[in-house]
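S.K.: Got upload.cif for you, mmCIF, C-alpha atoms:
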```
data_start
loop_
_atom_site.label_atom_id
_atom_site.label_comp_id
_atom_site.auth_asym_id
_atom_site.auth_seq_id
_atom_site.Cartn_x
_atom_site.Cartn_y
_atom_site.Cartn_z
CA MET A 10 50.42 106.25 -68.57
CA ALA A 11 49.32 103.51 -66.19
CA ASN A 12 48.44 100.13 -67.68
CA ASP A 13 44.90 100.19 -66.26
CA VAL A 14 43.91 103.39 -68.10
CA MET A 15 41.66 102.18 -70.92
CA ILE A 16 40.40 105.53 -72.28
CA GLU A 17 42.38 108.75 -72.19
CA ALA A 18 41.46 112.13 -73.68
CA ARG A 19 43.90 115.04 -73.58
CA SER A 20 42.80 118.55 -74.54
CA LEU A 21 40.40 117.33 -77.25
CA SER A 22 39.00 120.15 -79.35
CA LYS A 23 36.69 119.98 -82.35
CA LEU A 24 35.72 122.88 -84.59
CA TYR A 25 32.97 122.96 -87.19
CA GLY A 26 33.79 126.19 -88.97
CA SER A 27 33.55 128.87 -86.30
CA TYR A 28 31.52 126.64 -83.95
CA ARG A 29 33.55 124.95 -81.18
CA ALA A 30 31.90 121.62 -80.36
CA LEU A 31 34.69 120.55 -77.97
CA ASP A 32 36.94 122.85 -75.96
CA ARG A 33 40.03 121.13 -74.50
CA VAL A 34 38.22 118.10 -73.05
CA SER A 35 40.41 115.89 -70.84
CA PHE A 36 39.54 112.80 -68.75
CA GLU A 37 40.57 109.20 -68.05
CA VAL A 38 38.59 105.98 -67.63
CA ARG A 39 40.26 103.00 -65.95
CA LYS A 40 39.68 99.29 -66.29
CA GLY A 41 36.61 98.03 -64.46
CA GLU A 42 35.00 101.48 -64.29
CA VAL A 43 31.46 102.23 -65.44
CA VAL A 44 31.48 105.99 -66.02
CA GLY A 45 28.43 108.08 -66.79
CA PHE A 46 29.02 110.70 -69.50
CA LEU A 47 26.44 113.41 -68.86
CA GLY A 48 25.49 116.71 -70.41
CA PRO A 49 22.60 118.61 -71.99
CA ASN A 50 21.84 118.47 -75.70
CA GLY A 51 24.65 120.00 -77.72
CA ALA A 52 27.20 119.60 -74.92
CA GLY A 53 29.62 117.54 -77.03
CA LYS A 54 28.97 114.01 -75.72
CA SER A 55 28.37 112.35 -79.08
CA THR A 56 31.24 114.28 -80.68
CA THR A 57 33.63 112.98 -78.02
CA MET A 58 32.42 109.42 -78.50
CA ARG A 59 32.82 109.61 -82.27
CA ILE A 60 36.40 110.74 -81.84
CA LEU A 61 37.15 107.92 -79.39
CA THR A 62 35.63 105.36 -81.78
CA CYS A 63 37.59 106.68 -84.81
CA PHE A 64 34.54 107.94 -86.71
CA ILE A 65 35.79 111.53 -86.87
CA SER A 66 39.09 113.23 -86.12
CA ALA A 67 39.73 115.97 -83.58
CA THR A 68 40.87 119.44 -84.54
CA ALA A 69 43.40 119.42 -81.70
CA GLY A 70 44.42 117.23 -78.77
CA SER A 71 44.99 113.48 -78.46
CA ALA A 72 42.98 110.38 -77.55
CA ARG A 73 44.10 106.87 -76.64
CA VAL A 74 41.97 103.73 -76.28
CA HIS A 75 43.44 100.56 -74.75
CA GLY A 76 46.84 102.22 -74.96
CA LEU A 77 46.53 102.88 -78.71
CA ASP A 78 46.32 106.25 -80.41
CA VAL A 79 43.00 106.61 -82.22
CA PHE A 80 44.66 108.64 -84.99
CA ASP A 81 47.65 106.34 -85.58
CA ASP A 82 46.01 102.89 -85.07
CA PRO A 83 42.29 103.30 -85.86
CA LEU A 84 41.72 99.72 -87.08
CA VAL A 85 43.22 98.12 -83.98
CA VAL A 86 41.28 100.52 -81.75
CA ARG A 87 38.01 99.48 -83.40
CA GLN A 88 38.76 95.85 -82.61
CA LYS A 89 39.00 96.70 -78.92
CA ILE A 90 35.72 98.59 -78.56
CA GLY A 91 32.03 97.93 -78.92
CA TYR A 92 30.17 101.07 -79.97
CA LEU A 93 26.46 101.74 -79.89
CA PRO A 94 25.63 105.14 -81.44
CA GLN A 95 22.47 106.97 -80.46
CA ARG A 96 20.73 105.71 -83.60
CA ALA A 97 22.45 102.53 -84.72
CA PRO A 98 22.71 102.23 -88.54
CA LEU A 99 21.05 98.93 -89.42
CA TYR A 100 20.32 97.10 -92.69
CA GLY A 101 16.54 96.95 -92.81
CA GLU A 102 16.35 94.24 -95.49
CA MET A 103 18.36 91.77 -93.34
CA THR A 104 16.96 89.59 -90.58
CA VAL A 105 18.24 90.09 -87.04
CA TRP A 106 20.17 86.82 -87.14
CA ASP A 107 21.75 87.59 -90.54
CA TYR A 108 22.75 91.07 -89.44
CA LEU A 109 24.45 89.90 -86.26
CA LYS A 110 26.10 87.08 -88.23
CA PHE A 111 27.37 89.66 -90.72
CA CYS A 112 28.79 91.80 -87.87
CA SER A 113 30.56 88.77 -86.38
CA GLU A 114 32.14 87.93 -89.74
CA MET A 115 33.42 91.48 -90.06
CA ARG A 116 34.94 91.06 -86.61
CA GLY A 117 36.64 87.86 -87.73
CA LEU A 118 34.72 85.50 -85.41
CA GLU A 119 34.35 81.83 -86.16
CA ASP A 120 30.87 80.36 -86.53
CA SER A 121 31.13 78.34 -83.32
CA THR A 122 32.23 81.39 -81.36
CA PHE A 123 29.38 83.43 -82.84
CA ARG A 124 26.77 80.88 -81.81
CA THR A 125 28.16 80.77 -78.27
CA ARG A 126 28.06 84.56 -78.00
CA MET A 127 24.55 84.72 -79.43
CA LYS A 128 23.13 82.77 -76.51
CA ARG A 129 24.21 85.51 -74.10
CA ILE A 130 23.28 88.36 -76.46
CA VAL A 131 19.77 86.98 -77.02
CA GLU A 132 19.29 86.65 -73.26
CA VAL A 133 20.53 90.15 -72.42
CA CYS A 134 19.00 92.03 -75.36
CA GLY A 135 15.73 90.08 -75.49
CA LEU A 136 15.93 89.12 -79.18
CA ALA A 137 14.56 85.56 -79.06
CA ARG A 138 11.23 86.43 -80.72
CA VAL A 139 12.62 88.55 -83.55
CA LEU A 140 15.72 86.66 -84.73
CA GLY A 141 14.01 85.67 -87.99
CA LYS A 142 12.28 88.99 -88.67
CA ASP A 143 13.44 91.71 -91.05
CA ILE A 144 14.93 94.65 -89.18
CA ARG A 145 12.75 97.15 -91.07
CA THR A 146 9.63 95.60 -89.50
CA LEU A 147 10.90 96.11 -85.92
CA SER A 148 9.91 98.88 -83.55
CA HIS A 149 12.42 101.50 -82.41
CA GLY A 150 12.91 99.66 -79.15
CA TYR A 151 13.79 96.37 -80.83
CA ARG A 152 16.10 98.12 -83.28
CA GLN A 153 17.94 99.58 -80.30
CA ARG A 154 18.30 96.06 -78.91
CA VAL A 155 19.79 94.86 -82.20
CA GLY A 156 22.24 97.77 -82.13
CA LEU A 157 23.30 96.81 -78.61
CA GLY A 158 23.73 93.21 -79.76
CA GLN A 159 26.17 94.17 -82.53
CA ALA A 160 28.23 96.13 -79.98
CA LEU A 161 28.50 93.00 -77.78
CA VAL A 162 28.94 90.32 -80.44
CA HIS A 163 32.78 90.30 -80.36
CA ASP A 164 32.96 90.54 -76.53
CA PRO A 165 35.04 93.75 -76.46
CA PRO A 166 37.01 94.91 -73.38
CA ILE A 167 35.68 98.47 -73.83
CA LEU A 168 32.06 99.50 -74.41
CA ILE A 169 31.07 102.99 -75.50
CA LEU A 170 27.29 103.32 -75.35
CA ASP A 171 25.44 106.43 -76.51
CA GLU A 172 21.90 106.41 -75.08
CA PRO A 173 21.64 102.58 -74.95
CA THR A 174 18.23 102.60 -73.22
CA SER A 175 16.46 105.11 -75.48
CA ASP A 176 13.14 103.81 -76.84
CA LEU A 177 13.16 100.89 -74.39
CA ASP A 178 10.34 100.17 -71.96
CA PRO A 179 11.05 100.16 -68.19
CA ASN A 180 11.58 96.39 -68.03
CA GLU A 181 14.04 96.48 -70.93
CA LYS A 182 15.91 99.41 -69.39
CA ALA A 183 16.27 97.58 -66.10
CA GLU A 184 17.67 94.52 -67.91
CA VAL A 185 20.23 96.58 -69.84
CA ILE A 186 21.35 98.46 -66.71
CA ARG A 187 21.69 95.16 -64.84
CA TYR A 188 23.86 93.80 -67.66
CA ILE A 189 26.01 96.95 -67.65
CA GLN A 190 26.54 96.53 -63.91
CA GLU A 191 27.59 92.93 -64.46
CA ILE A 192 30.05 93.48 -67.32
CA GLY A 193 31.47 96.57 -65.64
CA LYS A 194 33.27 94.37 -63.12
CA ASN A 195 35.95 93.34 -65.62
CA ARG A 196 35.37 95.71 -68.54
CA THR A 197 35.39 99.45 -69.13
CA VAL A 198 32.09 101.14 -69.95
CA LEU A 199 31.51 104.75 -70.98
CA LEU A 200 27.78 105.35 -70.74
CA SER A 201 26.14 108.44 -72.19
CA THR A 202 22.56 109.07 -71.09
CA HIS A 203 20.09 111.78 -70.07
CA ASN A 204 18.56 109.53 -67.42
CA LEU A 205 20.36 110.42 -64.20
CA ALA A 206 18.65 107.60 -62.33
CA GLU A 207 20.37 105.12 -64.65
CA VAL A 208 23.73 106.73 -63.91
CA GLU A 209 23.13 106.50 -60.17
CA ALA A 210 22.13 102.83 -60.56
CA ALA A 211 24.96 101.69 -62.85
CA CYS A 212 27.86 104.11 -62.36
CA ALA A 213 30.16 104.97 -59.49
CA ARG A 214 31.63 107.96 -61.31
CA ALA A 215 30.36 110.62 -63.70
CA ILE A 216 31.77 113.18 -66.11
CA ILE A 217 29.55 116.21 -66.80
CA VAL A 218 30.18 118.31 -69.90
CA SER A 219 28.54 121.55 -70.93
CA LYS A 220 29.15 123.47 -74.14
CA GLY A 221 32.14 121.32 -74.99
CA ARG A 222 33.85 121.70 -71.59
CA VAL A 223 34.21 119.32 -68.64
CA VAL A 224 32.51 121.00 -65.67
CA ALA A 225 32.62 118.05 -63.23
CA ASP A 226 34.52 114.77 -63.02
CA GLY A 227 34.63 112.39 -60.06
CA PRO A 228 32.69 109.93 -57.88
CA LEU A 229 28.99 110.62 -57.56
CA ASP A 230 29.28 111.50 -53.87
CA GLU A 231 31.90 114.16 -54.63
CA ILE A 232 29.76 115.62 -57.41
CA ARG A 233 26.72 115.76 -55.14
CA ALA A 234 28.87 117.52 -52.54
CA LYS A 235 29.54 120.37 -54.98
CA GLY A 236 26.34 121.94 -53.73
CA SER A 237 27.04 124.24 -50.79
CA LYS A 238 23.66 123.86 -49.05
CA VAL A 239 21.49 121.21 -47.45
CA ARG A 240 17.72 121.11 -47.55
CA TYR A 241 15.53 120.41 -44.50
CA VAL A 242 11.80 119.73 -44.55
CA VAL A 243 9.90 120.34 -41.28
CA ILE A 244 6.18 119.58 -40.88
CA VAL A 245 4.29 120.62 -37.73
CA HIS A 246 0.63 119.85 -36.90
CA GLU A 247 -1.49 122.98 -37.09
CA GLN A 248 -4.36 121.86 -34.86
CA ARG A 249 -2.77 119.69 -32.16
CA THR A 250 0.09 120.13 -29.69
CA LEU A 251 2.02 117.90 -27.28
CA LYS A 252 -0.18 119.10 -24.42
CA SER A 253 -3.93 118.74 -24.59
CA ASP A 254 -4.47 122.30 -23.39
CA GLY A 255 -1.77 123.82 -25.61
CA LYS A 256 -2.45 126.48 -28.23
CA PRO A 257 -1.87 125.28 -31.82
CA PRO A 258 0.78 127.37 -33.61
CA SER A 259 0.12 129.59 -36.57
CA ALA A 260 2.16 129.34 -39.77
CA GLN A 261 3.74 132.74 -39.12
CA GLU A 262 4.75 131.71 -35.60
CA VAL A 263 6.44 128.51 -36.83
CA GLN A 264 8.22 130.33 -39.65
CA GLN A 265 9.60 133.06 -37.38
CA ALA A 266 10.85 130.54 -34.83
CA LEU A 267 12.59 128.35 -37.43
CA GLN A 268 14.10 131.32 -39.20
CA ALA A 269 15.67 132.51 -35.93
CA LEU A 270 17.69 129.29 -35.58
CA PRO A 271 21.44 129.79 -36.13
CA GLY A 272 22.61 128.36 -39.47
CA VAL A 273 19.30 128.75 -41.33
CA THR A 274 20.05 130.68 -44.52
CA SER A 275 16.57 130.65 -46.05
CA ILE A 276 13.07 129.37 -45.31
CA ARG A 277 9.86 129.11 -47.29
CA GLU A 278 6.46 127.57 -46.70
CA LEU A 279 5.54 124.51 -48.75
CA PRO A 280 2.01 123.80 -49.96
CA THR A 281 0.34 120.83 -48.27
CA ASP A 282 -3.11 119.27 -48.27
CA ASP A 283 -2.72 117.94 -44.71
CA LYS A 284 -3.68 119.84 -41.58
CA ALA A 285 -0.09 120.86 -41.00
CA HIS A 286 2.45 123.63 -41.51
CA SER A 287 5.21 122.54 -43.87
CA PHE A 288 8.45 124.50 -44.32
CA GLU A 289 11.64 124.09 -46.31
CA LEU A 290 14.86 125.29 -44.68
CA LYS A 291 18.33 125.58 -46.19
CA GLY A 292 21.59 125.50 -44.29
CA PRO A 293 25.32 124.99 -44.87
CA LEU A 294 26.54 121.58 -46.00
CA ALA A 295 29.02 121.21 -43.13
CA SER A 296 26.40 121.41 -40.35
CA ASP A 297 23.34 119.41 -39.29
CA LEU A 298 20.46 121.50 -37.94
CA ARG A 299 18.16 118.63 -36.99
CA PRO A 300 19.05 118.63 -33.25
CA GLU A 301 18.34 122.37 -32.98
CA ILE A 302 15.09 122.01 -34.89
CA PHE A 303 13.90 119.11 -32.72
CA GLN A 304 14.81 120.96 -29.52
CA LEU A 305 12.88 124.04 -30.67
CA VAL A 306 9.76 122.00 -31.45
CA VAL A 307 9.85 120.33 -28.02
CA GLN A 308 10.31 123.65 -26.20
CA LYS A 309 7.36 125.17 -28.04
CA GLY A 310 5.18 122.14 -27.33
CA TRP A 311 4.41 121.61 -31.01
CA LEU A 312 3.54 118.24 -32.51
CA LEU A 313 6.24 117.30 -35.05
CA LEU A 314 4.91 115.18 -37.90
CA GLU A 315 8.02 114.94 -40.08
CA MET A 316 11.60 116.17 -40.32
CA ARG A 317 14.19 115.12 -42.89
CA ARG A 318 17.56 116.28 -44.15
CA GLU A 319 18.37 116.04 -47.85
CA THR A 320 21.63 116.68 -49.58
CA GLN A 321 21.55 117.80 -53.17
CA THR A 322 20.73 115.10 -55.69
CA LEU A 323 22.77 114.47 -58.82
CA GLU A 324 19.99 116.14 -60.80
CA ASP A 325 20.24 119.31 -58.68
CA VAL A 326 23.99 119.55 -59.23
CA PHE A 327 23.59 118.78 -62.94
CA LYS A 328 21.11 121.64 -63.33
CA ALA A 329 23.33 124.02 -61.39
CA LEU A 330 26.42 123.17 -63.45
CA THR A 331 24.71 123.43 -66.83
CA ARG A 332 22.08 126.12 -66.19
CA GLY A 333 24.36 129.01 -67.21
CA ASP A 334 24.71 127.74 -70.77
CA GLU A 335 20.99 126.98 -70.89
CA ILE A 336 20.24 130.59 -69.96
CA GLY A 337 22.61 131.71 -72.72
CA ASP A 338 20.75 129.56 -75.26
CA ARG A 339 17.52 131.30 -74.27
CA GLY A 340 18.93 134.77 -74.82
CA GLY A 341 20.18 135.52 -71.29
CA LYS A 342 23.65 136.39 -70.07
CA PRO A 343 24.97 133.50 -67.97
CA GLY A 344 28.34 135.13 -67.28
CA LEU A 345 31.72 133.48 -67.04
CA GLY A 346 31.80 132.62 -63.35
CA TRP A 347 28.87 130.23 -63.22
CA SER A 348 28.92 127.83 -60.27
CA PRO A 349 26.49 125.71 -58.24
CA ALA A 350 26.44 128.42 -55.58
CA ALA A 351 25.35 130.92 -58.23
CA GLY A 352 22.60 128.51 -59.27
CA GLU A 353 21.38 128.26 -55.69
CA ALA A 354 21.46 132.05 -55.39
CA ASP A 355 19.21 132.22 -58.45
CA ASP A 356 16.85 129.73 -56.79
CA ASP A 357 16.68 131.95 -53.71
CA ASP A 358 16.00 134.98 -55.92
CA GLU A 359 13.22 133.08 -57.68
CA GLU A 360 11.66 132.19 -54.32
CA GLU A 361 11.81 135.84 -53.22
CA ASP A 362 10.23 136.92 -56.51
CA GLU A 363 7.41 134.43 -56.00
CA GLU A 364 6.78 135.79 -52.49
CA GLU A 365 6.74 139.36 -53.81
CA GLU A 366 4.28 138.38 -56.54
CA GLU A 367 1.99 136.78 -53.94
CA GLU A 368 2.09 139.96 -51.83
CA GLU A 369 1.28 142.07 -54.91
CA VAL A 370 -1.70 139.86 -55.74
CA LYS A 371 -2.99 140.19 -52.19
CA ALA A 372 -2.56 143.97 -52.29
CA LYS A 373 -4.46 144.18 -55.57
CA ALA A 374 -7.25 142.04 -54.14
CA VAL A 375 -7.55 144.37 -51.15
CA SER A 376 -7.53 147.50 -53.32
CA ALA A 377 -10.20 145.99 -55.58
CA LYS A 378 -12.73 145.83 -52.71
CA PRO A 379 -15.38 148.64 -52.90
CA ALA A 380 -14.71 151.38 -50.36
CA LYS A 381 -17.40 152.58 -47.98
CA VAL A 382 -19.11 155.80 -49.16
CA THR A 383 -19.90 158.43 -46.51
CA PRO A 384 -23.01 160.68 -46.71
CA ALA A 385 -20.84 163.73 -47.42
CA VAL A 386 -19.26 161.98 -50.38
CA GLU A 387 -22.69 160.94 -51.66
CA GLU A 388 -23.94 164.58 -51.55
CA ALA A 389 -20.83 165.77 -53.40
CA GLU A 390 -21.36 163.12 -56.07
CA ASP A 391 -25.03 164.18 -56.46
CA GLU A 392 -24.01 167.81 -56.92
CA ASP A 393 -21.46 166.80 -59.56
CA GLU A 394 -24.14 164.86 -61.41
CA GLU A 395 -26.49 167.91 -61.37
CA ASP A 396 -23.70 170.10 -62.75
CA ASP A 397 -23.12 167.58 -65.49
CA ASP A 398 -26.84 167.56 -66.36
CA GLU A 399 -26.85 171.38 -66.60
CA ALA A 400 -23.82 171.33 -68.85
CA GLU A 401 -25.39 168.82 -71.25
CA PRO A 402 -27.82 171.29 -73.03
CA SER A 403 -25.01 173.71 -73.81
CA ASP A 404 -22.98 170.84 -75.18
CA LYS A 405 -25.90 169.81 -77.35
CA GLU A 406 -26.36 173.40 -78.66
CA ALA A 407 -22.68 173.62 -79.50
CA SER A 408 -22.82 170.32 -81.31
CA SER A 409 -25.92 171.39 -83.31
CA ASP A 410 -24.16 174.62 -84.40
CA GLU A 411 -21.20 172.58 -85.54
CA ASP A 412 -23.49 170.28 -87.53
CA GLU A 413 -25.11 173.28 -89.31
CA ASP A 414 -21.68 174.68 -90.27
CA GLU A 415 -20.67 171.28 -91.64
CA ASP A 416 -23.86 171.10 -93.74
CA GLU A 417 -23.21 174.54 -95.26
CA ASP A 418 -19.65 173.58 -96.14
CA GLU A 419 -20.87 170.41 -97.81
CA ASP A 420 -23.40 172.37 -99.93
CA GLU A 421 -20.71 174.74 -101.15
CA ASP A 422 -18.48 171.84 -102.10
CA GLU A 423 -21.28 170.19 -104.06
CA ASP A 424 -21.90 173.40 -106.04
CA GLU A 425 -18.26 173.68 -107.02
CA LYS A 426 -17.89 170.02 -108.02
CA VAL A 427 -19.19 168.63 -111.32
CA PRO A 428 -21.34 165.54 -110.86
CA GLU A 429 -19.31 162.53 -111.57
CA PRO A 430 -21.77 160.87 -114.01
CA ALA A 431 -21.98 164.04 -116.12
CA ALA A 432 -18.21 164.43 -116.15
CA GLU A 433 -17.81 160.84 -117.22
CA LYS A 434 -20.26 161.29 -120.09
CA ALA A 435 -18.51 164.43 -121.28
CA ALA A 436 -15.16 162.66 -121.26
CA THR A 437 -16.41 159.53 -123.06
CA ALA A 438 -18.78 161.14 -125.62
CA PRO A 439 -17.55 160.67 -129.26
CA LYS A 440 -16.49 163.84 -131.07
CA LYS A 441 -18.18 164.82 -134.36
CA PRO A 442 -15.85 164.44 -137.37
CA ALA A 443 -14.79 167.65 -139.13
CA PRO A 444 -16.39 168.21 -142.61
CA SER A 445 -14.17 167.01 -145.43
CA THR A 446 -13.10 169.23 -148.44
CA ARG A 447 -15.18 167.11 -150.83
CA ASP A 448 -18.36 167.94 -148.94
CA ALA A 449 -17.41 171.63 -149.03
CA ASN A 450 -16.96 171.57 -152.85
CA LYS A 451 -20.39 170.02 -153.33
CA LYS A 452 -21.93 172.82 -151.34
CA ASP A 453 -20.18 175.41 -153.55
CA GLU A 454 -21.40 173.75 -156.81
CA ALA A 455 -24.92 173.75 -155.52
#
```
Translate this file's structure into structure tokens.

M.R.:
Amino acid sequence: MANDVMIEARSLSKLYGSYRALDRVSFEVRKGEVVGFLGPNGAGKSTTMRILTCFISATAGSARVHGLDVFDDPLVVRQKIGYLPQRAPLYGEMTVWDYLKFCSEMRGLEDSTFRTRMKRIVEVCGLARVLGKDIRTLSHGYRQRVGLGQALVHDPPILILDEPTSDLDPNEKAEVIRYIQEIGKNRTVLLSTHNLAEVEAACARAIIVSKGRVVADGPLDEIRAKGSKVRYVVIVHEQRTLKSDGKPPSAQEVQQALQALPGVTSIRELPTDDKAHSFELKGPLASDLRPEIFQLVVQKGWLLLEMRRETQTLEDVFKALTRGDEIGDRGGKPGLGWSPAAGEADDDDEEEDEEEEEEEVKAKAVSAKPAKVTPAVEEAEDEDEEDDDEAEPSDKEASSDEDEDEDEDEDEDEDEKVPEPAAEKAATAPKKPAPSTRDANKKDEA
């Protein structure tokens, strides 16, 4: 192993019963690198960090921090790292100053060293106003600042930060990211976050995990290049042309002309409030279609308002790499061969479905319009109504006969049944007692 490798994970696996939180995770982080550790909820980010910081052990695999095995030398490893968990465990009855002093004493720092470090920590974490306050009275944002302060108090060469900017306002986030950029020049930082903009601002490299597996690892430019398509946005004026006497183009005309260009794989119209036709085109990553698009617009005499080429953002690639597991969580079948190209194919399918739905809505609207009625149809409808009127008396007679039969049946049923009140009285009436033998003897004597 090279001397500049500060964090190394080799085939890390973690099982909780039958649930596999990590599945053979492997990566390296070198000295001076600020690496973004990305993934959706439940991907295994926090589990990996807890293994690297000696809080839990792995089921299989190995991990080394600063050249030390986290399983064989856990105490020495903890001296080399500063760890901020997602929700830092704090002692609410202590003041901020007392808590950070307590952390420094556990780290073995002298009082003079602690006071020197506190000047920088207070400046970076913004704790000047709350040093004398009890931690339990602080907001979530200030508690997160205190947690970051305890991770920095011993000036560690390695920082492992799990959501360090959660619950912070935009100004606080910017300050923390600026500090991470500064310390990343001579330290190693592993930064876990859901904010991809923070990763793009502070990190030159990212590791993306999904369902306990590493699905991407490398510089941000290489990860963005995992997408196989490029997006173009073309906006043409719908009422003016290059020539004063030119005919403004229709949306269908612009779409057909752009779609006929070689290299265009898909095209769709974008909604716009301006007086313009806006379209999104997609083409292969290796080519640039802007010269062909510009030449087409000039030949047609159209007035081009805007044209831009956009490669996939980190967010687009992140969604494509992790969407398969997300579909599985929602009851779908992501399949084993999920890839960014498959994600883009799904996007194209969704766009086609939307177009089909729009066509169906239009067709329904057309079919809902009242049709014109010819005189012949009106006469036929009148005759049908007369026939219906003639049939109504017979229907009424039949219904009256049925009513009479029902009445007769009801009368017969009433004759057969005993009235309920009378039956109840008969059942509840007390029976007369039988004459006793003594009464009979008296009658005989008489």

S.K.: Would you translate the PyMOL selection byres ((chain A and resi 299) around 10) into the concrete set of residues it matches in this file, as a list in words?

M.R.: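 Output from the PyMOL selection byres ((chain A and resi 299) around 10), applied to this file: Tyr241, Val242, Val243, Ser296, Asp297, Leu298, Pro300, Glu301, Ile302, Phe303, Gln304, Leu305, Met316, Arg317 and Arg318 of chain A.
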
S.K.: Which value, in Å to one decimal, gives the distance between CA of Pro293 (chain A) and CA of Ala211 (chain A)?

M.R.: 29.4 Å

S.K.: Residues picked by the PyMOL selection byres ((chain A and resi 92) around 8) here, as a ChimeraX atom specification?

M.R.: /A:62,90-91,93-94,160,168-171

S.K.: Choose the residue, out of A:Tyr151, A:Met115, A:Gly221, A:Leu61, that has the smallest atom-to-atom separation from Leu24 (chain A); count all atoms listed in the file.

M.R.: A:Gly221

S.K.: Grab the CA of Tyr100 (chain A) to CA of Pro165 (chain A) distance for me, in Å with one decimal place.

M.R.: 22.2 Å

S.K.: With the file shown as input, list the residues that the PyMOL selection byres ((chain A and resi 219) around 9) selects, as a list in words.

M.R.: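 Answer for the PyMOL selection byres ((chain A and resi 219) around 9): Leu47, Gly48, Pro49, Asn50, Gly51, Ala52, Gly53, Lys54, Ile217, Val218, Lys220, Gly221, Arg222, Val223, Val224, Leu330, Thr331 and Asp334 of chain A.
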
S.K.: Kindly give the distance, in Å, that separates CA of Ala30 (chain A) and CA of Thr202 (chain A), rounded to a single decimal.

M.R.: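 Between CA of Ala30 (chain A) and CA of Thr202 (chain A) the gap is 18.2 Å.
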
S.K.: Using all atoms listed in the file, which protein or nucleic acid residues come within 7 Å of Ala67 (chain A)? Drop anything in the same chain fewer than 2 positions from it, and give the result as a ChimeraX atom specification.

M.R.: /A:21-23,60,65,69-70

S.K.: So that I can check the surroundings of region 72-88 of chain A, please list as a ChimeraX atom specification every protein, DNA and RNA residue that reaches within 6 Å of it, counting only C-alpha atoms and ignoring chain neighbours fewer than 2 positions away.

M.R.: /A:15-18,63,90

S.K.: Residues within 7 Å of region 229-231 of chain A, please, as a list in words. Count only C-alpha atoms; anything in the same chain fewer than 4 positions from it doesn't count.

M.R.: Ala213, Arg214, Ala215 and Lys235 of chain A

S.K.: Name all residues at most 12 Å from Arg196 (chain A) (count all atoms listed in the file; drop same-chain ones fewer than 4 positions away) and give them as a list in words.

M.R.: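 Within the cut-off, the hits are Asp13, Val14, Met15, Ile16, Val38, Arg39, Lys40, Gly41, Glu42, Val43, Val44, His75, Lys89, Ile90, Gly91, Leu161, Asp164, Pro165, Pro166, Ile167, Leu168, Ile169, Tyr188, Ile189, Gln190, Glu191 and Ile192 of chain A.
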
S.K.: List every protein, DNA or RNA residue that has at least one atom no more than 9 Å from (6.8, 118.6, -42.2) in the file's coordinates, counting all atoms listed in the file, and write the result as a compact mmCIF listing (two decimals) with C-alpha atoms, keeping the file's coordinate frame.

M.R.:
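What landed in selection.txt:
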```txt
# COMPACT_ATOMS: atom_id res chain seq x y z
CA VAL A 242 11.80 119.73 -44.55
CA VAL A 243 9.90 120.34 -41.28
CA ILE A 244 6.18 119.58 -40.88
CA VAL A 245 4.29 120.62 -37.73
CA HIS A 246 0.63 119.85 -36.90
CA LEU A 279 5.54 124.51 -48.75
CA ALA A 285 -0.09 120.86 -41.00
CA HIS A 286 2.45 123.63 -41.51
CA SER A 287 5.21 122.54 -43.87
CA PHE A 288 8.45 124.50 -44.32
CA GLU A 289 11.64 124.09 -46.31
CA LEU A 313 6.24 117.30 -35.05
CA LEU A 314 4.91 115.18 -37.90
CA GLU A 315 8.02 114.94 -40.08
CA MET A 316 11.60 116.17 -40.32
CA ARG A 317 14.19 115.12 -42.89
```
